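As structure tokens, the structure follows; a few thoughts come after it.
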Amino acid sequence: MSERATALELRALTKRFAGHVAVREVDLSVAPGELIVLLGPSGCGKTTTLRMIAGFLPASSGDILLNGNSVVGMPAYRRDIGIVFQSYALFPHLNVARNIRFGLEMRRMPSAQANARVMEMLRLVKLEHFADRLPRQLSGGQQQRVALARALAIHPRLLLLDEPLSNLDAALRQEMAREIRILQRDRGITAIVVTHDQSEAMAMADRLVVMRDGGVEQIGSQEDLYERPATPFVAGFIGHSNLLRGQLRNGTELLTEGNGRIALCGHYAGSGAACLAVRPESVRLAHPDAPDARATGTIVLATYLGAVLEYVVRMESGIDVIVRRPSQGDAAQGRMAGEPVGLIWDPAAERVYDDHDRPAPAAPQPQAVTAGG
Ligand code: ATP
């Protein structure tokens, strides 16, 4: 029996609230030292999943294993998990040092050792000079850093972070994201981070779990999700995509609402409802008569966004396609609203999904007739 070591395993984990399914049959296997980000829109079940792992909320069904052992039914304080939750606030009557020290005292760590650990944690979150302050004398971001120090002080086997950077300003957010990442790597801590911020998720994760309506939409690395999104939802959520829905005709055309027609690069099997996903940065603008134009339209908005120029191109069907081109050295530079254009993209940039939102298979190649036999 050679099972890969897992620090955390979720098996068909499910939570129902009065008939409403908040988390649906989530399966996940996390390797020791791995940082997993749960990502998805508001209400998709991220926090509920984390609260079940922490032991704050009982699962309706399914299992949670820590280092191979089921912890369902085990109280939160015995799970040896470091927690940074918004709902798990700092103790308001304890100063910063005592907040950090709290978990160590619970574990009966000798006083000198606990003092040293508290100092180490204060240095780590750059709050050495704030040891004597009460939480209400700190900014929201400083409080979050104390919460992080408190969670890390116990040297947890598993760290759960729910929107850990939400109170920080943009610059500090990036710095803290990097620091959490470095710390977590150096110490080999297994961590699950919940966020709805896509760039934060991409910056921190070893792997990401994209959730939607309580279920898992896709699990993978940043590259997996960006390059090979399993569904139109992931294509639209990780980075951005133009999602164009219609009917697949002859495997080579997408007919959209408003009598729109898009010539696809690929040749797909099947027919019926389909969705084309193509990223704004993958679309190029050309002359409307260009032979390789997949569709045509008119620029209705051209916006300079610094590194990129963004165009909204309205097709005759009335459907808009967003196009983003580098603002430096791009032939498309200087195009203006009102200009008719053709839209071009490469075969590799085109994703077509079937009526179940799964990647549409390529049409079978005609069999080559082999001579003899
Ligand atoms: P957000 O990003 O807004 O925090 P989330 O992905 O973390 O969202 P959850 O907080 O896990 O989402 O909520 C998932 C669903 O479960 C939501 O529809 C929410 O309204 C519902 N829900 C959460 N907690 C409870 C509860 N205690 N009772 C009833 N419904 C709940």
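By convention here, the chains of the structure tokens are called A, B, ... in the order presented, each chain's residues are numbered starting at 1, and ligands are numbered starting at 1 in the order presented.
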Inset, instruction - Throw together the list of residues within 10 Å of ligand 1, counting only C-alpha atoms and all ligand atoms, and drop it here as number ranges by chain. - result: A: 15-23, 38-52, 57, 86, 162-163, 194-197, 211-214
Pull C-alpha atoms from the residues just selected and write them as a PDB file, in the first residue's frame.
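So the final result, stored in out-v1.pdb, reads:
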```
ATOM      1  CA  LYS A  15     -22.947  21.345   4.131  1.00  0.00           C
ATOM      2  CA  ARG A  16     -26.679  21.979   3.996  1.00  0.00           C
ATOM      3  CA  PHE A  17     -28.369  24.901   5.696  1.00  0.00           C
ATOM      4  CA  ALA A  18     -32.118  24.293   5.980  1.00  0.00           C
ATOM      5  CA  GLY A  19     -32.372  22.618   2.597  1.00  0.00           C
ATOM      6  CA  HIS A  20     -29.913  24.974   0.890  1.00  0.00           C
ATOM      7  CA  VAL A  21     -26.683  23.275  -0.164  1.00  0.00           C
ATOM      8  CA  ALA A  22     -23.816  25.663   0.690  1.00  0.00           C
ATOM      9  CA  VAL A  23     -21.005  23.150   0.001  1.00  0.00           C
ATOM     10  CA  LEU A  38     -10.110  28.541  -2.417  1.00  0.00           C
ATOM     11  CA  LEU A  39     -11.342  31.070  -4.909  1.00  0.00           C
ATOM     12  CA  GLY A  40     -14.787  31.996  -6.144  1.00  0.00           C
ATOM     13  CA  PRO A  41     -17.510  34.609  -6.110  1.00  0.00           C
ATOM     14  CA  SER A  42     -19.323  35.688  -2.976  1.00  0.00           C
ATOM     15  CA  GLY A  43     -21.542  32.969  -1.534  1.00  0.00           C
ATOM     16  CA  CYS A  44     -19.913  30.044  -3.385  1.00  0.00           C
ATOM     17  CA  GLY A  45     -19.093  28.211  -0.152  1.00  0.00           C
ATOM     18  CA  LYS A  46     -15.447  29.074   0.514  1.00  0.00           C
ATOM     19  CA  THR A  47     -15.827  30.201   4.107  1.00  0.00           C
ATOM     20  CA  THR A  48     -18.241  27.393   4.936  1.00  0.00           C
ATOM     21  CA  THR A  49     -15.657  24.880   3.683  1.00  0.00           C
ATOM     22  CA  LEU A  50     -12.952  26.479   5.827  1.00  0.00           C
ATOM     23  CA  ARG A  51     -15.184  26.567   8.911  1.00  0.00           C
ATOM     24  CA  MET A  52     -15.869  22.846   8.584  1.00  0.00           C
ATOM     25  CA  LEU A  57     -19.218  24.051  11.816  1.00  0.00           C
ATOM     26  CA  GLN A  86     -12.582  37.579  10.443  1.00  0.00           C
ATOM     27  CA  ASP A 162      -9.961  33.581   5.523  1.00  0.00           C
ATOM     28  CA  GLU A 163      -9.406  36.764   3.506  1.00  0.00           C
ATOM     29  CA  VAL A 194      -9.802  31.809   1.119  1.00  0.00           C
ATOM     30  CA  THR A 195     -10.029  34.843  -1.095  1.00  0.00           C
ATOM     31  CA  HIS A 196     -12.238  36.254  -3.793  1.00  0.00           C
ATOM     32  CA  ASP A 197      -9.336  38.325  -5.119  1.00  0.00           C
ATOM     33  CA  MET A 211     -15.671  27.108  -6.454  1.00  0.00           C
ATOM     34  CA  ARG A 212     -19.095  27.982  -7.778  1.00  0.00           C
ATOM     35  CA  ASP A 213     -22.496  27.443  -6.151  1.00  0.00           C
ATOM     36  CA  GLY A 214     -21.002  25.218  -3.456  1.00  0.00           C
TER      37      GLY A 214
END
```
Inset, instruction - Give the helix (DSSP H, G or I) residues of region 104-277 of chain A, as DSSP finds them on the backbone, and put them as a ChimeraX atom specification. - result: /A:104-106,111-124,128-130,135-137,140-153,170-186,198-204,222-227,232-237,257-259
Inset, instruction - Give the answer as one residue: which of A:Ala363, A:Asp206, A:Ala7, A:Ser282 has the shortest atom-to-atom distance to Asn69 (chain A), using only C-alpha atoms? - result: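 Among the listed residues, A:Ala7 lies closest to Asn69 (chain A).
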Within 10 Å of region 248-267 of chain A, which residues of region 275-294 of chain A show up? Give each one with its shortest atom-to-atom distance in Å (one decimal) and the two atoms involved, counting only C-alpha atoms, rows by chain then rising residue number, as JSON lines.
```
{"residue": "A:Cys275", "atom": "CA", "partner": "A:Leu254", "partner_atom": "CA", "distance": 8.3}
{"residue": "A:Leu276", "atom": "CA", "partner": "A:Leu254", "partner_atom": "CA", "distance": 7.9}
{"residue": "A:Asp292", "atom": "CA", "partner": "A:Ala263", "partner_atom": "CA", "distance": 9.1}
{"residue": "A:Ala293", "atom": "CA", "partner": "A:Ala263", "partner_atom": "CA", "distance": 8.0}
{"residue": "A:Arg294", "atom": "CA", "partner": "A:Ala263", "partner_atom": "CA", "distance": 4.8}
```
Residues just named, written with C-alpha atoms as an mmCIF file, in the first residue's frame:
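Writing the result to part.cif gives the following:
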```cif
data_model
loop_
_atom_site.group_PDB
_atom_site.id
_atom_site.type_symbol
_atom_site.label_atom_id
_atom_site.label_comp_id
_atom_site.auth_asym_id
_atom_site.auth_seq_id
_atom_site.Cartn_x
_atom_site.Cartn_y
_atom_site.Cartn_z
ATOM 1 C CA CYS A 275 -19.845 28.692 -25.835
ATOM 2 C CA LEU A 276 -16.729 30.290 -27.271
ATOM 3 C CA ASP A 292 -8.562 35.434 -41.497
ATOM 4 C CA ALA A 293 -11.029 37.670 -39.626
ATOM 5 C CA ARG A 294 -13.212 35.479 -37.381
#
```
Inset, instruction - Would you mind listing what lies within 12 Å of region 235-242 of chain A as JSON, numbers by chain, with only C-alpha atoms counted and same-chain residues fewer than 6 positions away left out? - result: {"A": [39, 40, 41, 196, 197, 198, 199, 200, 201, 202, 208, 209, 210, 211, 212, 217, 218, 220, 221, 222, 223, 224, 225, 226, 227, 228, 229, 275, 276, 277, 278, 279, 280, 281, 282, 283, 312, 313, 319, 320, 321, 322, 323, 324, 349, 350, 351, 352, 353, 357, 358, 359]}
Inset, instruction - Give the strand (DSSP E or B) residues of region 72-311 of chain A, as DSSP finds them on the backbone, and put them as a ChimeraX atom specification. - result: /A:81-84,158-162,190-195,207-212,215-220,242-249,253-256,260-263,268,272-278,284-286,295-304,308-311
Inset, instruction - Could you jot down the CA of Met204 (chain A) to CA of Asp186 (chain A) separation for me, Å, one decimal place? - result: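 The value is 13.9 Å.
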Legend entry - Using only C-alpha atoms: which of A:Val125, A:Ala54, A:Ala191, A:Ala97 has the shortest distance to Met176 (chain A):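 For Met176 (chain A), the nearest of the given residues is A:Val125.
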Legend entry - Nearest to Phe233 (chain A) by atom-to-atom distance, counting only C-alpha atoms, from A:Leu13, A:Leu122, A:His356, A:Gly33: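 Nearest to Phe233 (chain A): A:His356.
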Inset, instruction - Identify, on the basis of only C-alpha atoms, every residue whose closest approach to region 145-154 of chain A does not exceed 9 Å; exclude the query and any residue fewer than 5 positions from it along the same chain; express the result as a ChimeraX atom specification. - result: /A:80-85,88-90,96-97,99-104,107,114,117-118,120-122,124-127,135,140,159-161,164-165,176,180
Legend entry - Coordinates-based distance that separates CA of Ile192 (chain A) from CA of Glu34 (chain A) (Å, one decimal): 8.4 Å
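Comparing the minimum interatomic distances between Asp289 (chain A) and each of A:Pro156, A:Gly272, A:Leu343, A:Arg245, counting only C-alpha atoms, we find that A:Leu343 sits nearest.
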